[in-house]
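**Q** Pasting structure_1.cif here (mmCIF, C-alpha atoms (C1' of nucleotides)):
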```cif
data_upload
loop_
_atom_site.label_atom_id
_atom_site.label_comp_id
_atom_site.auth_asym_id
_atom_site.auth_seq_id
_atom_site.Cartn_x
_atom_site.Cartn_y
_atom_site.Cartn_z
CA MET W 191 -82.41 30.48 42.79
CA GLY W 192 -81.40 28.04 40.09
CA GLU W 193 -77.89 27.75 41.48
CA ARG W 194 -77.91 24.02 41.84
CA VAL W 195 -75.06 22.39 43.67
CA LEU W 196 -73.11 20.26 41.24
CA PRO W 197 -71.00 17.20 41.91
CA ARG W 198 -67.28 17.84 41.94
CA ALA W 199 -66.48 16.09 38.67
CA GLU W 200 -69.15 17.96 36.77
CA ARG W 201 -68.15 21.25 38.34
CA ARG W 202 -64.55 20.75 37.31
CA ARG W 203 -65.53 19.80 33.78
CA ARG W 204 -67.57 22.97 33.35
CA THR W 205 -64.91 25.25 34.78
CA GLU W 206 -62.26 23.74 32.53
CA GLY W 207 -64.57 24.25 29.58
CA LYS W 208 -65.21 27.88 30.49
CA ILE W 209 -61.49 28.53 30.74
CA LEU W 210 -60.76 26.82 27.42
CA ASP W 211 -63.53 28.76 25.68
CA ALA W 212 -62.28 32.05 27.07
CA ALA W 213 -58.70 31.16 26.13
CA ARG W 214 -59.67 30.23 22.58
CA ALA W 215 -61.58 33.47 22.09
CA LEU W 216 -58.75 35.62 23.40
CA PHE W 217 -55.98 33.74 21.61
CA ALA W 218 -57.99 34.01 18.39
CA GLU W 219 -58.53 37.74 18.81
CA LEU W 220 -55.21 38.87 20.25
CA GLY W 221 -52.68 36.11 19.63
CA PHE W 222 -50.45 34.38 22.15
CA GLU W 223 -48.36 37.29 23.36
CA ARG W 224 -51.12 39.82 23.97
CA THR W 225 -53.34 37.28 25.69
CA THR W 226 -52.67 37.21 29.44
CA ILE W 227 -53.55 34.50 31.91
CA ARG W 228 -55.22 37.20 33.95
CA ALA W 229 -57.45 38.19 31.04
CA VAL W 230 -58.42 34.58 30.38
CA ALA W 231 -59.24 34.09 34.04
CA LYS W 232 -61.33 37.25 34.13
CA ALA W 233 -63.28 36.23 31.02
CA ALA W 234 -63.89 32.80 32.56
CA GLU W 235 -64.83 34.40 35.90
CA VAL W 236 -62.14 32.51 37.70
CA ASP W 237 -58.93 33.16 39.62
CA PRO W 238 -55.73 33.33 37.53
CA ALA W 239 -54.08 30.77 39.78
CA LEU W 240 -56.77 28.26 38.87
CA VAL W 241 -55.84 28.48 35.22
CA MET W 242 -52.27 27.57 36.11
CA GLN W 243 -53.42 24.78 38.40
CA TYR W 244 -55.52 23.22 35.64
CA PHE W 245 -53.26 23.69 32.64
CA GLY W 246 -49.76 23.99 34.09
CA SER W 247 -48.55 26.95 32.08
CA LYS W 248 -49.66 29.50 29.52
CA GLN W 249 -47.88 27.45 26.89
CA GLN W 250 -49.81 24.27 27.73
CA LEU W 251 -53.07 26.20 27.91
CA PHE W 252 -52.38 27.40 24.38
CA GLN W 253 -51.63 23.87 23.18
CA GLN W 254 -54.89 22.59 24.65
CA ALA W 255 -56.80 25.53 23.19
CA VAL W 256 -55.57 25.06 19.63
CA ARG W 257 -55.61 21.27 19.58
CA VAL W 258 -57.20 20.57 16.23
CA THR W 259 -59.06 17.54 14.92
CA PRO W 260 -57.02 15.90 12.15
CA ALA W 261 -58.51 16.16 8.67
CA GLY W 262 -60.40 13.30 7.05
CA ASP W 263 -58.93 10.68 4.77
CA GLY W 264 -59.97 8.84 1.65
CA GLU W 265 -59.24 8.83 -2.06
CA LEU W 266 -60.24 11.87 -4.06
CA THR W 267 -60.42 12.83 -7.69
CA ALA W 268 -59.01 16.17 -8.75
CA GLU W 269 -62.47 17.69 -9.07
CA GLU W 270 -63.63 16.50 -5.68
CA LEU W 271 -60.43 17.95 -4.31
CA VAL W 272 -61.19 21.45 -5.54
CA GLU W 273 -64.72 21.27 -4.21
CA GLU W 274 -63.45 20.13 -0.84
CA LEU W 275 -61.08 23.08 -0.65
CA LEU W 276 -63.85 25.47 -1.62
CA GLY W 277 -66.03 23.71 0.91
CA THR W 278 -63.66 24.56 3.73
CA LEU W 279 -64.13 28.11 2.48
CA ASN W 280 -67.79 27.87 3.38
CA VAL W 281 -66.83 26.87 6.86
CA LYS W 282 -64.21 29.60 7.07
CA MET W 283 -66.67 32.27 6.04
CA GLY W 284 -69.21 31.48 8.67
CA ALA W 285 -67.31 30.37 11.71
CA LEU W 286 -63.94 28.78 11.27
CA PRO W 287 -63.43 27.12 14.65
CA GLN W 288 -61.94 29.41 17.28
CA SER W 289 -59.14 26.90 17.80
CA SER W 290 -58.04 27.24 14.18
CA LEU W 291 -58.27 31.01 14.32
CA ALA W 292 -56.19 30.99 17.48
CA MET W 293 -53.50 28.94 15.78
CA MET W 294 -53.53 31.09 12.66
CA ARG W 295 -53.45 34.33 14.62
CA SER W 296 -50.24 33.33 16.36
CA MET W 297 -48.52 31.34 13.64
CA LEU W 298 -46.30 34.20 12.50
CA THR W 299 -45.03 35.25 15.91
CA HIS W 300 -45.23 32.25 18.21
CA PRO W 301 -42.76 29.45 17.38
CA GLU W 302 -44.97 26.67 18.67
CA ALA W 303 -47.97 27.94 16.74
CA ALA W 304 -45.77 28.14 13.65
CA ALA W 305 -44.74 24.51 14.09
CA SER W 306 -48.36 23.51 14.54
CA ALA W 307 -49.36 25.43 11.42
CA ARG W 308 -46.59 23.81 9.39
CA GLN W 309 -47.80 20.41 10.49
CA VAL W 310 -51.45 21.09 9.66
CA LEU W 311 -50.61 22.61 6.28
CA GLY W 312 -48.12 19.84 5.59
CA SER W 313 -50.64 17.09 6.11
CA GLN W 314 -53.15 18.95 3.95
CA ILE W 315 -50.49 19.17 1.24
CA ASP W 316 -49.82 15.44 1.54
CA ARG W 317 -53.49 14.68 1.19
CA LEU W 318 -53.95 16.91 -1.86
CA ALA W 319 -50.79 15.67 -3.53
CA GLU W 320 -52.16 12.12 -3.60
CA ALA W 321 -55.03 13.28 -5.79
CA ILE W 322 -52.89 15.19 -8.30
CA PRO W 323 -51.56 13.19 -11.26
CA ALA W 324 -48.33 15.05 -11.95
CA ASP W 325 -44.68 14.69 -10.99
CA ASP W 326 -44.73 18.10 -9.32
CA ALA W 327 -47.83 17.15 -7.38
CA ARG W 328 -46.47 18.27 -4.02
CA LEU W 329 -45.61 21.73 -5.30
CA ARG W 330 -49.04 22.07 -6.87
CA ALA W 331 -50.65 20.93 -3.64
CA ALA W 332 -48.54 23.39 -1.67
CA LEU W 333 -49.61 26.25 -3.93
CA MET W 334 -53.27 25.34 -3.59
CA THR W 335 -52.89 25.17 0.17
CA THR W 336 -51.10 28.51 0.47
CA ILE W 337 -53.69 30.09 -1.81
CA MET W 338 -56.42 29.02 0.59
CA LEU W 339 -54.26 30.18 3.47
CA GLY W 340 -53.99 33.62 1.93
CA ILE W 341 -57.74 33.85 1.47
CA ALA W 342 -58.34 32.78 5.05
CA VAL W 343 -55.79 35.25 6.40
CA GLY W 344 -57.15 38.10 4.32
CA HIS W 345 -60.75 37.35 5.16
CA GLN W 346 -60.67 36.13 8.76
CA LEU W 347 -57.68 37.85 10.31
CA LEU W 348 -57.00 41.00 8.31
CA GLU W 349 -60.72 41.35 7.59
CA LEU W 350 -60.27 42.93 4.17
CA GLU W 351 -63.52 44.61 3.26
CA GLU W 352 -63.33 43.54 -0.38
CA LEU W 353 -63.67 39.91 0.78
CA ARG W 354 -66.05 40.51 3.67
CA GLU W 355 -68.77 42.19 1.67
CA VAL W 356 -69.39 39.30 -0.71
CA SER W 357 -70.81 35.82 -0.23
CA GLN W 358 -68.70 32.71 0.05
CA ASP W 359 -70.40 31.35 -3.07
CA GLU W 360 -69.19 34.26 -5.14
CA ILE W 361 -65.63 33.80 -3.91
CA ALA W 362 -65.83 30.07 -4.57
CA ARG W 363 -67.11 30.70 -8.09
CA LEU W 364 -64.22 33.03 -8.92
CA LEU W 365 -61.62 30.87 -7.23
CA ARG W 366 -62.63 27.55 -8.77
CA PRO W 367 -60.87 28.03 -12.12
CA SER W 368 -57.70 29.17 -10.39
CA LEU W 369 -57.60 26.01 -8.30
CA ARG W 370 -58.57 23.81 -11.24
CA ALA W 371 -55.58 25.18 -13.13
CA LEU W 372 -53.35 23.64 -10.47
CA THR W 373 -54.90 20.19 -10.27
CA GLY W 374 -52.87 18.68 -13.08
CA GLY W 375 -52.37 18.47 -16.80
CA PRO W 376 -49.04 19.23 -18.48
CA GLU W 377 -50.36 22.45 -20.02
CA GLY W 378 -51.03 23.83 -16.55
CA MET Q 94 -6.75 52.12 13.96
CA GLY Q 95 -9.03 53.45 11.26
CA GLU Q 96 -11.50 54.82 13.80
CA ARG Q 97 -11.74 58.23 12.25
CA VAL Q 98 -13.49 60.95 14.18
CA LEU Q 99 -16.70 61.83 12.41
CA PRO Q 100 -18.61 65.09 12.48
CA ARG Q 101 -21.66 65.06 14.69
CA ALA Q 102 -24.26 65.05 11.92
CA GLU Q 103 -22.66 62.11 10.14
CA ARG Q 104 -22.17 60.22 13.37
CA ARG Q 105 -25.82 60.65 14.25
CA ARG Q 106 -26.92 59.56 10.80
CA ARG Q 107 -24.91 56.35 11.02
CA THR Q 108 -26.08 55.50 14.51
CA GLU Q 109 -29.71 56.02 13.55
CA GLY Q 110 -29.14 53.80 10.54
CA LYS Q 111 -27.60 51.04 12.64
CA ILE Q 112 -30.52 51.16 15.04
CA LEU Q 113 -33.07 51.06 12.22
CA ASP Q 114 -31.31 48.14 10.53
CA ALA Q 115 -31.17 46.18 13.77
CA ALA Q 116 -34.80 46.99 14.49
CA ARG Q 117 -35.93 45.88 11.04
CA ALA Q 118 -34.05 42.60 11.31
CA LEU Q 119 -35.47 41.80 14.75
CA PHE Q 120 -39.01 42.92 13.95
CA ALA Q 121 -38.87 40.80 10.78
CA GLU Q 122 -37.65 37.75 12.65
CA LEU Q 123 -39.58 37.97 15.91
CA GLY Q 124 -42.45 40.38 15.39
CA PHE Q 125 -43.36 43.43 17.44
CA GLU Q 126 -44.09 41.85 20.81
CA ARG Q 127 -41.06 39.58 21.10
CA THR Q 128 -38.67 42.30 19.94
CA THR Q 129 -37.37 44.30 22.91
CA ILE Q 130 -35.77 47.72 22.88
CA ARG Q 131 -32.88 46.19 24.77
CA ALA Q 132 -32.30 43.58 22.07
CA VAL Q 133 -32.40 46.21 19.33
CA ALA Q 134 -29.92 48.33 21.26
CA LYS Q 135 -27.61 45.38 21.81
CA ALA Q 136 -27.68 44.43 18.12
CA ALA Q 137 -26.92 48.04 17.20
CA GLU Q 138 -24.18 48.22 19.87
CA VAL Q 139 -25.86 51.11 21.59
CA ASP Q 140 -27.51 51.94 24.89
CA PRO Q 141 -31.26 51.20 25.14
CA ALA Q 142 -31.91 54.74 26.30
CA LEU Q 143 -30.46 56.09 23.07
CA VAL Q 144 -33.08 54.22 21.06
CA MET Q 145 -35.77 55.94 23.06
CA GLN Q 146 -34.07 59.32 22.71
CA TYR Q 147 -33.92 58.97 18.92
CA PHE Q 148 -37.29 57.39 18.18
CA GLY Q 149 -39.48 58.35 21.13
CA SER Q 150 -41.09 54.99 21.79
CA LYS Q 151 -41.05 51.38 20.68
CA GLN Q 152 -44.19 52.09 18.68
CA GLN Q 153 -42.60 54.94 16.75
CA LEU Q 154 -39.46 52.91 16.18
CA PHE Q 155 -41.63 50.25 14.62
CA GLN Q 156 -43.40 52.79 12.40
CA GLN Q 157 -40.08 54.14 11.16
CA ALA Q 158 -38.74 50.63 10.61
CA VAL Q 159 -41.67 49.45 8.47
CA ARG Q 160 -42.23 52.66 6.55
CA VAL Q 161 -42.67 51.36 3.04
CA THR Q 162 -42.17 53.01 -0.33
CA PRO Q 163 -45.52 53.35 -2.12
CA ALA Q 164 -45.96 51.13 -5.18
CA GLY Q 165 -45.55 52.48 -8.72
CA ASP Q 166 -48.35 53.80 -10.89
CA GLY Q 167 -49.30 53.65 -14.56
CA GLU Q 168 -51.83 51.93 -16.80
CA LEU Q 169 -51.52 48.19 -17.21
CA THR Q 170 -53.07 45.53 -19.41
CA ALA Q 171 -54.31 42.37 -17.78
CA GLU Q 172 -51.32 40.38 -19.00
CA GLU Q 173 -48.80 42.92 -17.77
CA LEU Q 174 -50.60 42.85 -14.47
CA VAL Q 175 -50.07 39.12 -14.00
CA GLU Q 176 -46.43 39.42 -14.93
CA GLU Q 177 -45.96 42.25 -12.47
CA LEU Q 178 -47.46 40.18 -9.67
CA LEU Q 179 -45.24 37.25 -10.56
CA GLY Q 180 -42.35 39.69 -10.74
CA THR Q 181 -42.84 40.74 -7.13
CA LEU Q 182 -42.58 37.02 -6.48
CA ASN Q 183 -39.03 37.12 -7.79
CA VAL Q 184 -38.23 39.87 -5.36
CA LYS Q 185 -39.97 38.04 -2.54
CA MET Q 186 -38.02 34.87 -3.15
CA GLY Q 187 -34.65 36.45 -2.94
CA ALA Q 188 -34.89 39.19 -0.40
CA LEU Q 189 -38.18 40.88 0.17
CA PRO Q 190 -37.14 44.04 1.99
CA GLN Q 191 -36.77 43.63 5.73
CA SER Q 192 -39.24 46.44 6.27
CA SER Q 193 -41.94 44.50 4.44
CA LEU Q 194 -41.13 41.31 6.29
CA ALA Q 195 -41.30 43.20 9.56
CA MET Q 196 -44.75 44.50 8.70
CA MET Q 197 -45.99 41.10 7.55
CA ARG Q 198 -44.59 39.31 10.57
CA SER Q 199 -46.60 41.50 12.92
CA MET Q 200 -49.72 42.11 10.88
CA LEU Q 201 -51.78 39.41 12.60
CA THR Q 202 -50.97 40.37 16.18
CA HIS Q 203 -50.09 44.07 16.21
CA PRO Q 204 -53.02 46.40 15.48
CA GLU Q 205 -50.90 49.12 13.90
CA ALA Q 206 -49.12 46.62 11.65
CA ALA Q 207 -52.53 45.25 10.67
CA ALA Q 208 -53.72 48.72 9.70
CA SER Q 209 -50.57 49.27 7.69
CA ALA Q 210 -50.99 45.93 5.94
CA ARG Q 211 -54.62 46.72 5.09
CA GLN Q 212 -53.53 49.99 3.57
CA VAL Q 213 -50.75 48.47 1.48
CA LEU Q 214 -52.94 45.60 0.28
CA GLY Q 215 -55.81 47.98 -0.34
CA SER Q 216 -53.79 50.22 -2.62
CA GLN Q 217 -52.49 47.18 -4.48
CA ILE Q 218 -56.09 46.03 -4.94
CA ASP Q 219 -57.05 49.47 -6.25
CA ARG Q 220 -54.21 49.40 -8.73
CA LEU Q 221 -55.02 45.92 -10.01
CA ALA Q 222 -58.74 46.60 -10.22
CA GLU Q 223 -58.13 49.39 -12.72
CA ALA Q 224 -56.63 46.88 -15.13
CA ILE Q 225 -59.43 44.33 -14.87
CA PRO Q 226 -62.34 44.77 -17.29
CA ALA Q 227 -65.18 43.31 -15.21
CA ASP Q 228 -67.84 44.63 -12.89
CA ASP Q 229 -66.46 42.53 -10.03
CA ALA Q 230 -62.98 43.86 -10.71
CA ARG Q 231 -62.29 44.77 -7.07
CA LEU Q 232 -63.16 41.32 -5.84
CA ARG Q 233 -60.97 39.72 -8.51
CA ALA Q 234 -58.13 42.07 -7.60
CA ALA Q 235 -58.58 41.26 -3.93
CA LEU Q 236 -58.40 37.54 -4.64
CA MET Q 237 -55.24 37.94 -6.70
CA THR Q 238 -53.69 40.01 -3.93
CA THR Q 239 -54.57 37.59 -1.16
CA ILE Q 240 -53.28 34.71 -3.27
CA MET Q 241 -49.91 36.41 -3.50
CA LEU Q 242 -50.12 37.19 0.20
CA GLY Q 243 -50.63 33.51 0.96
CA ILE Q 244 -47.63 32.53 -1.15
CA ALA Q 245 -45.46 35.16 0.56
CA VAL Q 246 -46.60 34.09 4.03
CA GLY Q 247 -46.06 30.42 3.29
CA HIS Q 248 -42.69 30.95 1.71
CA GLN Q 249 -41.12 33.80 3.68
CA LEU Q 250 -42.65 33.54 7.13
CA LEU Q 251 -43.76 29.94 7.62
CA GLU Q 252 -40.91 28.75 5.41
CA LEU Q 253 -42.78 25.76 4.02
CA GLU Q 254 -40.22 23.37 2.58
CA GLU Q 255 -42.38 22.52 -0.43
CA LEU Q 256 -42.04 26.12 -1.59
CA ARG Q 257 -38.47 26.74 -0.47
CA GLU Q 258 -36.92 23.90 -2.40
CA VAL Q 259 -38.02 25.08 -5.85
CA SER Q 260 -37.07 28.10 -7.94
CA GLN Q 261 -39.20 31.21 -8.25
CA ASP Q 262 -39.52 30.56 -11.96
CA GLU Q 263 -41.16 27.21 -11.36
CA ILE Q 264 -43.62 28.73 -8.94
CA ALA Q 265 -44.35 31.56 -11.35
CA ARG Q 266 -44.93 29.09 -14.17
CA LEU Q 267 -47.47 27.11 -12.13
CA LEU Q 268 -49.15 30.18 -10.71
CA ARG Q 269 -49.56 32.10 -13.96
CA PRO Q 270 -52.69 30.26 -15.21
CA SER Q 271 -54.33 30.62 -11.80
CA LEU Q 272 -53.83 34.38 -11.85
CA ARG Q 273 -54.81 34.67 -15.52
CA ALA Q 274 -58.09 33.00 -14.65
CA LEU Q 275 -58.88 35.96 -12.44
CA THR Q 276 -57.98 38.77 -14.80
CA GLY Q 277 -61.33 38.96 -16.51
CA GLY Q 278 -63.67 37.33 -18.95
CA PRO Q 279 -67.26 36.37 -18.11
CA GLU Q 280 -66.49 32.64 -18.28
CA GLY Q 281 -64.76 33.03 -14.98
"C1'" DC B 157 -69.40 11.78 62.82
"C1'" DC B 158 -64.54 12.89 61.47
"C1'" DT B 159 -60.95 12.84 58.06
"C1'" DT B 160 -59.48 13.43 53.56
"C1'" DT B 161 -59.82 15.25 49.15
"C1'" DC B 162 -59.99 18.95 46.07
"C1'" DG B 163 -62.02 23.10 43.70
"C1'" DC B 164 -60.83 27.60 44.36
"C1'" DT B 165 -58.93 32.09 46.16
"C1'" DC B 166 -55.49 35.32 48.04
"C1'" DA B 167 -51.26 37.51 48.28
"C1'" DA B 168 -46.97 37.66 46.85
"C1'" DC B 169 -42.41 36.80 44.34
"C1'" DG B 170 -39.05 37.38 40.67
"C1'" DA B 171 -38.09 38.45 36.17
"C1'" DG B 172 -38.47 41.35 32.24
"C1'" DT B 173 -40.50 45.31 30.07
"C1'" DG B 174 -40.82 50.32 28.19
"C1'" DT B 175 -39.44 54.44 29.72
"C1'" DT B 176 -37.11 58.45 32.23
"C1'" DG B 177 -33.81 61.79 34.26
"C1'" DA B 178 -29.39 62.93 35.68
"C1'" DC B 179 -24.93 62.70 34.09
"C1'" DT B 180 -20.31 62.60 31.03
"C1'" DC B 181 -17.65 64.24 27.54
"C1'" DA B 182 -16.33 65.46 23.01
"C1'" DA B 183 -17.63 68.43 19.01
"C1'" DC B 184 -19.23 72.90 17.90
"C1'" DG B 185 -19.74 78.15 17.46
"C1'" DA B 186 -18.41 82.72 18.69
"C1'" DT E 18 -10.66 80.24 24.84
"C1'" DC E 19 -14.97 79.35 26.84
"C1'" DG E 20 -19.75 78.50 27.12
"C1'" DT E 21 -23.21 75.66 24.59
"C1'" DT E 22 -24.95 71.86 22.22
"C1'" DG E 23 -25.87 67.22 21.63
"C1'" DA E 24 -24.40 62.19 21.22
"C1'" DG E 25 -24.21 58.61 24.24
"C1'" DT E 26 -24.28 56.17 29.05
"C1'" DC E 27 -25.87 54.69 33.66
"C1'" DA E 28 -29.00 53.55 37.05
"C1'" DA E 29 -33.35 53.38 38.31
"C1'" DC E 30 -38.64 53.63 38.37
"C1'" DA E 31 -43.18 51.85 37.63
"C1'" DC E 32 -45.57 48.37 35.80
"C1'" DT E 33 -47.13 43.90 33.99
"C1'" DC E 34 -46.41 39.36 33.41
"C1'" DG E 35 -46.26 34.18 34.45
"C1'" DT E 36 -45.99 31.59 38.24
"C1'" DT E 37 -46.13 29.76 43.18
"C1'" DG E 38 -47.42 28.27 47.91
"C1'" DA E 39 -50.28 28.70 51.72
"C1'" DG E 40 -54.75 28.51 53.01
"C1'" DC E 41 -60.22 28.25 53.07
"C1'" DG E 42 -64.40 25.77 52.74
"C1'" DA E 43 -67.39 22.53 50.92
"C1'" DA E 44 -68.01 17.89 48.91
"C1'" DA E 45 -66.58 12.89 49.27
"C1'" DG E 46 -66.00 8.78 51.73
"C1'" DG E 47 -65.85 5.72 55.46
#
```
Please re-express this file's structure in structure tokens.
**A**
Amino acid sequence: MGERVLPRAERRRRTEGKILDAARALFAELGFERTTIRAVAKAAEVDPALVMQYFGSKQQLFQQAVRVTPAGDGELTAEELVEELLGTLNVKMGALPQSSLAMMRSMLTHPEAAASARQVLGSQIDRLAEAIPADDARLRAALMTTIMLGIAVGHQLLELEELREVSQDEIARLLRPSLRALTGGPEG
Amino acid sequence: MGERVLPRAERRRRTEGKILDAARALFAELGFERTTIRAVAKAAEVDPALVMQYFGSKQQLFQQAVRVTPAGDGELTAEELVEELLGTLNVKMGALPQSSLAMMRSMLTHPEAAASARQVLGSQIDRLAEAIPADDARLRAALMTTIMLGIAVGHQLLELEELREVSQDEIARLLRPSLRALTGGPEG
DNA sequence: CCTTTCGCTCAACGAGTGTTGACTCAACGA
DNA sequence: TCGTTGAGTCAACACTCGTTGAGCGAAAGG
């Protein structure tokens, strides 16, 4: 019945994938501490010992699960910058990748997730700062980044109803002037 | 030397206070999961069993530790509203109360802390919405609240250097136009 | 064919956790 | 003065967790 016998390499690849998917989902929902190897194994329909054998430790499993693709590069104008930030909002609304949610969920309580978050946010700040023509560009970039962080936390993790019951377009429309106010200009 | 004998009631009061202070500090630094009853007891120079005897369970100790004083009331204009938000920033910068930090630290990973955070943020949203003359007042209030949440998380919990190395006044000055943009007016 | 490799499971260990009950002893009340 | 209360301690239980090592059975390779 459909249960084809797979070559070893392919079988391994699929099992690893199932474990990583299960780990990402649980880390994203519960955070590092409340997620147990046993629960991951059960969700992946696998023995707990296999998870250890493949990933070494819970810590390394977490690292693999939250490994994130570095953001793009390229010169930006201030306006493009705002639209890009609001664009990530679109992604966030629908389905921010489980790996990012997993990192965010644990960033306040798991030291390694915190370090990872600082690095991701830091590089986003660097990127934004390049596009802001002001001597306090880094501070402005940091404020824009933490603003988006707050929205993501409130919407995705705390699931505030006031944000959940409206469309991403409406949020983007209201947020645009607030971000624009930070993109530069001495009167800002 | 100086170790006066205290009446029972006073002695109890002080011991409870020491335990609560230690609990708040540890919950604020480590979050709910990583904070152990034993560590709280050690920091309070007390036996772990006494913590249980006084507070019933780790859960109830946490509830007592994060119990927060409800925010003030009163009518506000839109401008006063922005200044009040930026004012809480001043408090946050220096020493946001340990009880609030404890709640925030755990709000992404501890269900009860999440519920408490939703309630606190929700009542702040209600309060702000009353001062905003627009039909999407609640959404605007929610955005302002999550913006401040993002700043607090980035500054107090993630300790982003870009925010830590500047004064609260400078942050307030840059943030003011962004918040003003949300206080009302059909032009967004 | 036989041997080796390896995906995978089983059972267990050791450490740390929240929590409990029996106990000690000084402050209290009559 | 004497029994009672209650603050505080000690040792342990029951449980869960991450982690490990031995072993099984099928695929791989010659």
**Q** Show me which bits of chain E are within 12 Å of chain Q, counting all atoms listed in the file, as a list in words.
**A**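 Applying the cut-off to the listed atoms yields DT22, DG23, DA24, DG25, DT26, DC27 and DA28 of chain E.
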**Q** May I ask which of the residues B:DC164, B:DC158, B:DT173, B:DA178 is the closest one to chain Q, counting only C-alpha atoms (C1' of nucleotides)?
**A** B:DT173
**Q** I'd like to see the residues matched by the PyMOL selection byres ((chain Q) within 8 of (chain W)) on this file, and ideally I'd get them as a VMD selection string.
**A** chain Q and resid 123 to 124 126 to 127 198 to 202 207 211 231 to 233 235 to 236 239 to 244 246 to 247 250 to 251 253 255 to 256 267 to 268 270 to 272 274 to 275 281
**Q** Applied to the shown file, which residues does the PyMOL selection byres ((chain B) within 12 of (chain Q)) return, written as a list in words?
**A**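 Applied to this file, the PyMOL selection byres ((chain B) within 12 of (chain Q)) returns DG172, DT173, DG174, DT175, DT176, DG177, DA182, DA183 and DC184 of chain B.
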**Q** CA of Ala116 in chain Q and CA of Glu138 in chain Q are how many Å apart?
**A**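 CA of Glu138 in chain Q lies at a distance of 12.0 Å from CA of Ala116 in chain Q.
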**Q** Please, could N, CA and C atoms be added to range 218-231 of chain Q and the result written as a CSV table (one decimal), in the frame of the given file?
**A**
```csv
chain,number,residue,atom,x,y,z
Q,218,ILE,N,-54.8,46.5,-4.4
Q,218,ILE,CA,-56.1,46.0,-4.9
Q,218,ILE,C,-56.6,47.1,-5.9
Q,219,ASP,N,-56.6,48.4,-5.4
Q,219,ASP,CA,-57.0,49.5,-6.2
Q,219,ASP,C,-56.3,49.5,-7.6
Q,220,ARG,N,-55.0,49.3,-7.5
Q,220,ARG,CA,-54.2,49.4,-8.7
Q,220,ARG,C,-54.6,48.3,-9.7
Q,221,LEU,N,-54.7,47.1,-9.2
Q,221,LEU,CA,-55.0,45.9,-10.0
Q,221,LEU,C,-56.4,46.1,-10.6
Q,222,ALA,N,-57.3,46.5,-9.8
Q,222,ALA,CA,-58.7,46.6,-10.2
Q,222,ALA,C,-58.9,47.5,-11.5
Q,223,GLU,N,-58.0,48.5,-11.6
Q,223,GLU,CA,-58.1,49.4,-12.7
Q,223,GLU,C,-57.8,48.7,-14.0
Q,224,ALA,N,-57.1,47.6,-13.9
Q,224,ALA,CA,-56.6,46.9,-15.1
Q,224,ALA,C,-57.5,45.7,-15.5
Q,225,ILE,N,-58.6,45.5,-14.6
Q,225,ILE,CA,-59.4,44.3,-14.9
Q,225,ILE,C,-60.8,44.8,-15.5
Q,226,PRO,N,-61.1,44.3,-16.6
Q,226,PRO,CA,-62.3,44.8,-17.3
Q,226,PRO,C,-63.5,43.9,-16.9
Q,227,ALA,N,-64.0,44.1,-15.7
Q,227,ALA,CA,-65.2,43.3,-15.2
Q,227,ALA,C,-65.9,44.1,-14.1
Q,228,ASP,N,-67.1,43.8,-13.9
Q,228,ASP,CA,-67.8,44.6,-12.9
Q,228,ASP,C,-67.5,44.2,-11.5
Q,229,ASP,N,-66.9,43.0,-11.3
Q,229,ASP,CA,-66.5,42.5,-10.0
Q,229,ASP,C,-64.9,42.6,-10.0
Q,230,ALA,N,-64.4,43.7,-10.6
Q,230,ALA,CA,-63.0,43.9,-10.7
Q,230,ALA,C,-62.3,43.9,-9.3
Q,231,ARG,N,-62.9,44.6,-8.4
Q,231,ARG,CA,-62.3,44.8,-7.1
Q,231,ARG,C,-62.2,43.4,-6.4
```
